[in-house]
$ cat my_file_15.cif   # mmCIF, C-alpha atoms
data_input
loop_
_atom_site.label_atom_id
_atom_site.label_comp_id
_atom_site.auth_asym_id
_atom_site.auth_seq_id
_atom_site.Cartn_x
_atom_site.Cartn_y
_atom_site.Cartn_z
CA MET A 14 -56.04 58.57 3.02
CA ALA A 15 -59.61 57.78 2.06
CA VAL A 16 -58.54 54.40 0.78
CA PHE A 17 -57.94 53.19 4.36
CA GLU A 18 -61.39 54.18 5.59
CA TYR A 19 -62.82 50.85 4.44
CA GLU A 20 -62.13 47.59 6.21
CA PHE A 21 -61.84 45.58 3.00
CA MET A 22 -59.09 47.92 1.77
CA GLN A 23 -57.26 47.57 5.07
CA ARG A 24 -57.35 43.79 4.68
CA ALA A 25 -56.21 44.10 1.07
CA PHE A 26 -53.19 46.21 2.03
CA TRP A 27 -52.29 43.89 4.89
CA ALA A 28 -52.54 40.91 2.55
CA GLY A 29 -50.57 42.70 -0.16
CA GLY A 30 -47.84 43.63 2.30
CA LEU A 31 -47.49 40.06 3.53
CA ILE A 32 -47.43 38.48 0.09
CA GLY A 33 -45.32 41.32 -1.33
CA PHE A 34 -42.66 40.53 1.22
CA ILE A 35 -42.34 36.79 0.70
CA ALA A 36 -43.25 36.32 -2.99
CA PRO A 37 -40.30 38.31 -4.44
CA ILE A 38 -37.82 36.35 -2.31
CA LEU A 39 -39.33 33.14 -3.63
CA GLY A 40 -39.11 34.57 -7.14
CA VAL A 41 -35.37 35.17 -6.86
CA TYR A 42 -34.78 31.53 -5.94
CA LEU A 43 -37.16 30.29 -8.64
CA MET A 44 -35.33 32.30 -11.28
CA LEU A 45 -31.94 31.05 -10.13
CA ARG A 46 -33.26 27.49 -10.26
CA ARG A 47 -34.82 28.14 -13.70
CA GLN A 48 -38.30 27.27 -12.43
CA VAL A 49 -40.14 30.52 -13.14
CA LEU A 50 -43.09 28.72 -14.77
CA MET A 51 -43.75 26.77 -11.58
CA ALA A 52 -45.78 29.67 -10.17
CA ASP A 53 -48.07 29.66 -13.21
CA THR A 54 -48.42 25.90 -13.00
CA LEU A 55 -49.40 25.86 -9.33
CA SER A 56 -51.88 28.70 -9.79
CA HIS A 57 -53.80 26.58 -12.31
CA VAL A 58 -53.61 23.58 -9.99
CA SER A 59 -54.87 25.73 -7.12
CA LEU A 60 -57.82 26.82 -9.26
CA ALA A 61 -58.76 23.17 -9.65
CA GLY A 62 -58.64 22.88 -5.87
CA VAL A 63 -60.96 25.85 -5.50
CA ALA A 64 -63.43 24.24 -7.90
CA LEU A 65 -63.19 20.93 -6.06
CA GLY A 66 -63.85 22.60 -2.73
CA SER A 67 -66.90 24.44 -4.11
CA ILE A 68 -68.39 21.24 -5.49
CA MET A 69 -67.76 19.28 -2.28
CA ASN A 70 -69.07 22.14 -0.09
CA LEU A 71 -65.64 22.68 1.45
CA ASN A 72 -63.87 25.95 2.06
CA PRO A 73 -62.51 26.77 -1.45
CA VAL A 74 -59.61 28.74 0.00
CA LEU A 75 -58.37 25.81 2.06
CA SER A 76 -59.00 23.27 -0.69
CA GLY A 77 -57.11 25.41 -3.22
CA PHE A 78 -54.29 25.77 -0.72
CA ALA A 79 -54.07 22.00 -0.15
CA VAL A 80 -54.24 21.10 -3.84
CA ALA A 81 -51.53 23.65 -4.67
CA ILE A 82 -49.20 21.95 -2.20
CA ILE A 83 -50.00 18.54 -3.70
CA GLY A 84 -49.32 19.94 -7.17
CA ALA A 85 -45.98 21.34 -6.03
CA LEU A 86 -44.93 17.94 -4.71
CA LEU A 87 -45.97 16.29 -7.98
CA VAL A 88 -43.94 18.81 -10.00
CA GLU A 89 -40.88 18.16 -7.88
CA GLN A 90 -41.29 14.39 -8.15
CA LEU A 91 -41.72 14.53 -11.93
CA ARG A 92 -38.76 16.89 -12.20
CA ARG A 93 -36.59 14.11 -10.81
CA SER A 94 -37.99 11.67 -13.36
CA TYR A 95 -37.35 14.07 -16.27
CA ARG A 96 -34.00 15.56 -15.31
CA THR A 97 -32.96 16.15 -18.93
CA TYR A 98 -36.29 17.71 -19.90
CA SER A 99 -36.99 20.09 -17.01
CA GLU A 100 -39.95 21.76 -18.77
CA VAL A 101 -41.92 18.50 -19.12
CA PRO A 102 -43.16 18.28 -15.48
CA VAL A 103 -44.38 21.87 -15.64
CA ALA A 104 -46.33 21.20 -18.84
CA ILE A 105 -47.84 17.99 -17.46
CA ILE A 106 -49.06 19.47 -14.18
CA MET A 107 -50.20 22.77 -15.72
CA THR A 108 -52.35 21.14 -18.40
CA SER A 109 -53.69 18.57 -15.95
CA GLY A 110 -54.61 21.23 -13.39
CA LEU A 111 -56.27 23.46 -15.98
CA ALA A 112 -58.19 20.56 -17.51
CA LEU A 113 -59.40 19.44 -14.08
CA ALA A 114 -60.48 22.99 -13.22
CA VAL A 115 -62.48 23.33 -16.44
CA VAL A 116 -64.24 20.00 -15.92
CA LEU A 117 -65.06 20.73 -12.28
CA MET A 118 -66.32 24.22 -13.13
CA SER A 119 -68.70 22.74 -15.71
CA LEU A 120 -70.28 20.55 -13.01
CA LYS A 121 -71.50 23.56 -11.05
CA MET A 122 -72.80 26.38 -13.19
CA ASN A 123 -73.13 29.04 -10.47
CA LEU A 124 -69.38 29.37 -9.91
CA SER A 125 -68.77 32.17 -12.41
CA LYS A 126 -68.75 35.02 -9.88
CA THR A 127 -66.55 33.12 -7.45
CA PHE A 128 -64.08 32.16 -10.13
CA SER A 129 -63.95 35.65 -11.55
CA SER A 130 -62.35 36.90 -8.34
CA TYR A 131 -59.90 33.99 -8.34
CA LEU A 132 -58.99 34.48 -12.00
CA PHE A 133 -58.36 38.20 -11.88
CA GLY A 134 -58.02 39.03 -8.19
CA SER A 135 -60.32 41.20 -6.11
CA ILE A 136 -59.57 43.64 -3.32
CA VAL A 137 -62.96 42.87 -1.76
CA ALA A 138 -62.36 39.10 -1.82
CA VAL A 139 -59.72 38.98 0.91
CA SER A 140 -61.37 37.41 3.94
CA ASN A 141 -60.03 37.18 7.47
CA ILE A 142 -59.23 33.49 6.89
CA GLN A 143 -57.16 34.35 3.84
CA LEU A 144 -55.42 37.14 5.71
CA TRP A 145 -54.40 34.83 8.54
CA MET A 146 -53.33 32.24 5.99
CA MET A 147 -51.10 34.80 4.29
CA ALA A 148 -49.63 35.81 7.63
CA GLY A 149 -48.81 32.17 8.39
CA VAL A 150 -47.25 31.63 4.95
CA CYS A 151 -45.18 34.80 5.31
CA LEU A 152 -43.91 33.77 8.75
CA ILE A 153 -43.11 30.23 7.60
CA GLY A 154 -41.43 31.51 4.44
CA LEU A 155 -39.26 34.08 6.19
CA THR A 156 -38.20 31.49 8.78
CA PHE A 157 -37.46 28.99 6.01
CA PHE A 158 -35.33 31.40 3.98
CA PHE A 159 -33.48 32.72 7.03
CA VAL A 160 -32.65 29.39 8.68
CA LEU A 161 -31.78 27.61 5.42
CA ARG A 162 -30.33 30.57 3.52
CA ARG A 163 -26.90 29.02 2.94
CA PRO A 164 -28.02 25.55 1.71
CA LEU A 165 -30.74 27.23 -0.37
CA TYR A 166 -28.15 29.49 -1.95
CA ASN A 167 -26.00 26.49 -2.88
CA LEU A 168 -29.05 24.56 -4.10
CA ALA A 169 -30.19 27.43 -6.31
CA PHE A 170 -26.96 27.52 -8.31
CA ASP A 171 -25.94 23.85 -8.53
CA GLU A 172 -27.71 20.86 -6.98
CA GLU A 173 -24.81 18.48 -7.54
CA THR A 174 -22.32 20.77 -5.83
CA ALA A 175 -24.78 21.34 -2.99
CA SER A 176 -25.19 17.57 -2.58
CA ILE A 177 -21.44 17.07 -2.43
CA GLY A 178 -21.27 19.82 0.18
CA GLY A 179 -23.62 17.91 2.46
CA VAL A 180 -26.95 19.54 1.58
CA GLN A 181 -29.98 17.24 1.74
CA VAL A 182 -30.98 18.17 -1.79
CA LYS A 183 -34.10 16.03 -2.13
CA GLY A 184 -35.66 17.03 1.16
CA LEU A 185 -34.82 20.69 0.71
CA SER A 186 -36.20 20.69 -2.84
CA PHE A 187 -39.50 19.19 -1.68
CA ALA A 188 -39.71 21.71 1.17
CA PHE A 189 -39.06 24.53 -1.29
CA ALA A 190 -41.78 23.16 -3.59
CA ILE A 191 -44.27 23.08 -0.71
CA LEU A 192 -43.47 26.70 0.19
CA THR A 193 -43.93 27.67 -3.46
CA GLY A 194 -47.37 26.06 -3.53
CA MET A 195 -48.36 27.78 -0.28
CA THR A 196 -47.23 31.18 -1.54
CA VAL A 197 -48.97 30.86 -4.90
CA ALA A 198 -52.25 29.78 -3.27
CA SER A 199 -52.05 32.64 -0.79
CA ALA A 200 -51.36 35.26 -3.46
CA MET A 201 -54.34 34.31 -5.63
CA PRO A 202 -56.92 36.56 -3.89
CA ILE A 203 -54.79 39.65 -4.58
CA VAL A 204 -53.57 39.21 -8.17
CA GLY A 205 -55.60 36.23 -9.37
CA VAL A 206 -54.63 32.96 -11.01
CA LEU A 207 -53.76 34.48 -14.36
CA LEU A 208 -51.26 37.00 -12.97
CA VAL A 209 -49.88 35.39 -9.82
CA SER A 210 -46.58 34.64 -11.53
CA ALA A 211 -46.14 38.37 -12.28
CA LEU A 212 -46.03 39.12 -8.56
CA ILE A 213 -43.40 36.45 -8.03
CA VAL A 214 -41.27 36.82 -11.16
CA LEU A 215 -41.24 40.52 -12.15
CA PRO A 216 -39.67 41.93 -8.94
CA ALA A 217 -37.09 39.15 -9.01
CA ALA A 218 -36.35 39.78 -12.70
CA LEU A 219 -35.64 43.44 -11.99
CA ALA A 220 -33.56 42.65 -8.90
CA LEU A 221 -31.34 40.11 -10.64
CA ARG A 222 -30.86 42.53 -13.53
CA VAL A 223 -29.68 45.53 -11.51
CA ALA A 224 -28.27 44.09 -8.26
CA ARG A 225 -24.54 43.56 -7.79
CA ASN A 226 -24.83 40.65 -5.35
CA PHE A 227 -27.33 38.14 -4.03
CA ALA A 228 -28.20 40.04 -0.83
CA ALA A 229 -28.86 43.22 -2.80
CA ALA A 230 -31.08 41.26 -5.20
CA ILE A 231 -33.25 40.07 -2.30
CA VAL A 232 -33.63 43.60 -0.90
CA ILE A 233 -34.41 45.14 -4.30
CA ALA A 234 -36.95 42.41 -5.07
CA ILE A 235 -38.79 43.00 -1.78
CA ILE A 236 -38.86 46.78 -2.20
CA THR A 237 -40.07 46.44 -5.79
CA GLY A 238 -42.76 43.94 -4.86
CA LEU A 239 -44.13 45.98 -1.95
CA THR A 240 -44.07 49.23 -3.93
CA GLY A 241 -45.80 47.61 -6.89
CA ILE A 242 -48.52 46.04 -4.76
CA PHE A 243 -49.28 49.13 -2.67
CA SER A 244 -49.30 51.48 -5.65
CA GLY A 245 -51.30 48.94 -7.67
CA LEU A 246 -53.94 48.53 -4.97
CA THR A 247 -54.24 52.30 -4.61
CA ALA A 248 -54.57 52.81 -8.36
CA SER A 249 -57.06 49.96 -8.58
CA TYR A 250 -59.23 51.56 -5.92
CA GLN A 251 -59.03 55.04 -7.45
CA TRP A 252 -59.63 53.99 -11.07
CA ASN A 253 -61.87 50.96 -10.43
CA THR A 254 -59.56 48.64 -12.36
CA PRO A 255 -58.78 44.95 -11.65
CA PRO A 256 -56.11 44.85 -8.90
CA GLY A 257 -54.19 41.93 -10.40
CA GLY A 258 -53.78 43.55 -13.80
CA THR A 259 -52.97 46.95 -12.28
CA ILE A 260 -50.27 45.50 -10.03
CA ALA A 261 -48.79 43.46 -12.88
CA LEU A 262 -48.63 46.48 -15.20
CA ILE A 263 -46.93 48.61 -12.54
CA LEU A 264 -44.39 45.88 -11.85
CA LEU A 265 -43.78 45.56 -15.59
CA LEU A 266 -43.23 49.32 -15.78
CA PHE A 267 -40.70 49.06 -12.94
CA LEU A 268 -38.89 46.27 -14.80
CA LEU A 269 -38.72 48.15 -18.10
CA THR A 270 -37.61 51.35 -16.35
CA GLY A 271 -34.92 49.50 -14.42
CA ILE A 272 -33.57 47.76 -17.51
CA SER A 273 -33.53 51.03 -19.47
CA ALA A 274 -31.80 52.88 -16.63
CA LYS A 275 -29.23 50.09 -16.34
CA LYS A 276 -28.45 50.32 -20.06
CA LEU A 277 -28.18 54.13 -19.97
CA ILE A 278 -25.84 54.01 -16.98
CA SER A 279 -23.74 51.32 -18.65
CA LEU A 280 -23.57 53.39 -21.85
CA TYR A 281 -22.59 56.49 -19.90
CA ASN A 282 -19.87 54.61 -18.03
CA ARG A 283 -18.45 53.20 -21.28
CA LYS A 284 -18.35 56.66 -22.85
CA ARG A 285 -16.76 58.10 -19.75
CA HIS A 286 -14.19 55.32 -19.63
CA ARG A 287 -13.41 55.85 -23.31
CA ALA A 288 -13.01 59.61 -22.78
CA VAL A 289 -10.70 59.07 -19.81
CA LYS A 290 -8.64 56.58 -21.76
CA GLN A 291 -8.34 58.97 -24.70
CA GLN A 292 -7.30 61.76 -22.32
CA GLN A 293 -4.65 59.53 -20.74
CA THR A 294 -3.36 58.56 -24.19
CA ALA A 295 -3.17 62.20 -25.21
CA THR A 296 -1.35 63.10 -22.00
CA LEU A 297 1.19 60.32 -22.52
CA TYR A 298 1.70 61.46 -26.11
CA ILE A 299 2.30 65.06 -24.99
CA HIS A 300 4.79 63.96 -22.33
CA SER A 301 6.64 61.77 -24.78
CA LYS A 302 6.89 64.64 -27.28
CA SER A 303 8.14 67.01 -24.61
CA ASN A 304 10.81 64.56 -23.49
CA THR A 305 12.10 64.20 -27.01
#

$ encode --input "my_file_15.cif" --output "structure tokens"
Amino acid sequence: MAVFEYEFMQRAFWAGGLIGFIAPILGVYLMLRRQVLMADTLSHVSLAGVALGSIMNLNPVLSGFAVAIIGALLVEQLRRSYRTYSEVPVAIIMTSGLALAVVLMSLKMNLSKTFSSYLFGSIVAVSNIQLWMMAGVCLIGLTFFFVLRRPLYNLAFDEETASIGGVQVKGLSFAFAILTGMTVASAMPIVGVLLVSALIVLPAALALRVARNFAAAIVIAIITGLTGIFSGLTASYQWNTPPGGTIALILLLFLLTGISAKKLISLYNRKRHRAVKQQQTATLYIHSKSNT
């Protein structure tokens, strides 16, 4: 394919494959923990880190990465302070991160081009440093989810039950928050700040809607994420459209198609069950009439 003739597209597909593998898994756990807005929150915090790094003449990728992790830890700490109002920590950190990003951006007027790629994603913006960072995050994430799959499963459904069962809830929750921040910061070059949550949430939303068990949900989420990213990057290259928006729209199309197919199959099964039941009733009626 002509799309692979260019080095920047090769990096984009490698980056998309790495993030598309780990982000949907993270999304499944975030949805089960009812923390889907955490990805949006950390993307805004990471943007503030990018601005801070640009102003201080630091690597904006690394500064955004570090600030996203700090933001994730703050969200988790505030979540424990506002147990009854779980949405409050998200609102606090999101507004704070966005406000800080706006103020920092105003201090350096020549950041518009740089921030455009971070806001909307850019297939030409993936550097070798970002690619290696994504590879490291993917490796750490897969190891984390594999080694701690059972306590994470218990934690996702009920923290109190997990704590009674011997799970170190606080430590595991903070580790999960750190991984979330790392994944969000790594995904920004592909889909951008404004749409990073789509990459994490939409595949998971489809998987949890159509899967029959947890393992199937993980597999479906990964397949959906990878397919959406690869097809989105290809379409973005062919049509010269923003990669983040293209990927998000394709994932949304997958979600709507999956939900519609699920409803049609459910409707068909109900009609079939009703027809079989009516046939059985008619058969019993005929037998009873013949016996009399």

$ residues_around --input "my_file_15.cif" --residues "A:Val150" --least-positions-apart "5" --cutoff "9 Å" --atoms "all atoms listed in the file" --output "NGL selection string"
:A and (31-32 or 35 or 145 or 155 or 192 or 195-196 or 199)

$ residues_near_point --input "my_file_15.cif" --point "(-55.2, 41.1, -3.4)" --cutoff "8 Å" --atoms "only C-alpha atoms" --output "PyMOL selection string"
chain A and resi 25-26+28-29+134-136+138-139+200-205+246+256-257

$ atom_distance --input "my_file_15.cif" --atom1 "atom CA of A:Asn226" --atom2 "atom CA of A:Pro37"
15.7 Å

$ residues_around --input "my_file_15.cif" --residues "A:Leu43" --least-positions-apart "3" --cutoff "10 Å" --atoms "all atoms listed in the file" --output "mmCIF file with C-alpha atoms, in the coordinates of the input"
data_model
loop_
_atom_site.group_PDB
_atom_site.id
_atom_site.type_symbol
_atom_site.label_atom_id
_atom_site.label_comp_id
_atom_site.auth_asym_id
_atom_site.auth_seq_id
_atom_site.Cartn_x
_atom_site.Cartn_y
_atom_site.Cartn_z
ATOM 1 C CA PRO A 37 -40.300 38.310 -4.440
ATOM 2 C CA ILE A 38 -37.820 36.350 -2.310
ATOM 3 C CA LEU A 39 -39.330 33.140 -3.630
ATOM 4 C CA GLY A 40 -39.110 34.570 -7.140
ATOM 5 C CA ARG A 46 -33.260 27.490 -10.260
ATOM 6 C CA ARG A 47 -34.820 28.140 -13.700
ATOM 7 C CA GLN A 48 -38.300 27.270 -12.430
ATOM 8 C CA VAL A 49 -40.140 30.520 -13.140
ATOM 9 C CA LEU A 50 -43.090 28.720 -14.770
ATOM 10 C CA MET A 51 -43.750 26.770 -11.580
ATOM 11 C CA ALA A 52 -45.780 29.670 -10.170
ATOM 12 C CA ALA A 169 -30.190 27.430 -6.310
ATOM 13 C CA PHE A 189 -39.060 24.530 -1.290
ATOM 14 C CA ALA A 190 -41.780 23.160 -3.590
ATOM 15 C CA THR A 193 -43.930 27.670 -3.460
ATOM 16 C CA ILE A 213 -43.400 36.450 -8.030
ATOM 17 C CA VAL A 214 -41.270 36.820 -11.160
ATOM 18 C CA ALA A 217 -37.090 39.150 -9.010
#

$ residues_around --input "my_file_15.cif" --residues "A:Val101" --least-positions-apart "6" --cutoff "10 Å" --atoms "all atoms listed in the file" --output "ChimeraX atom specification"
/A:88,91-92,94-95,107

$ closest_residue --input "my_file_15.cif" --among "A:Thr294, A:Ser67, A:Ser244, A:Ser56" --to "A:Phe133" --atoms "only C-alpha atoms"
A:Ser56
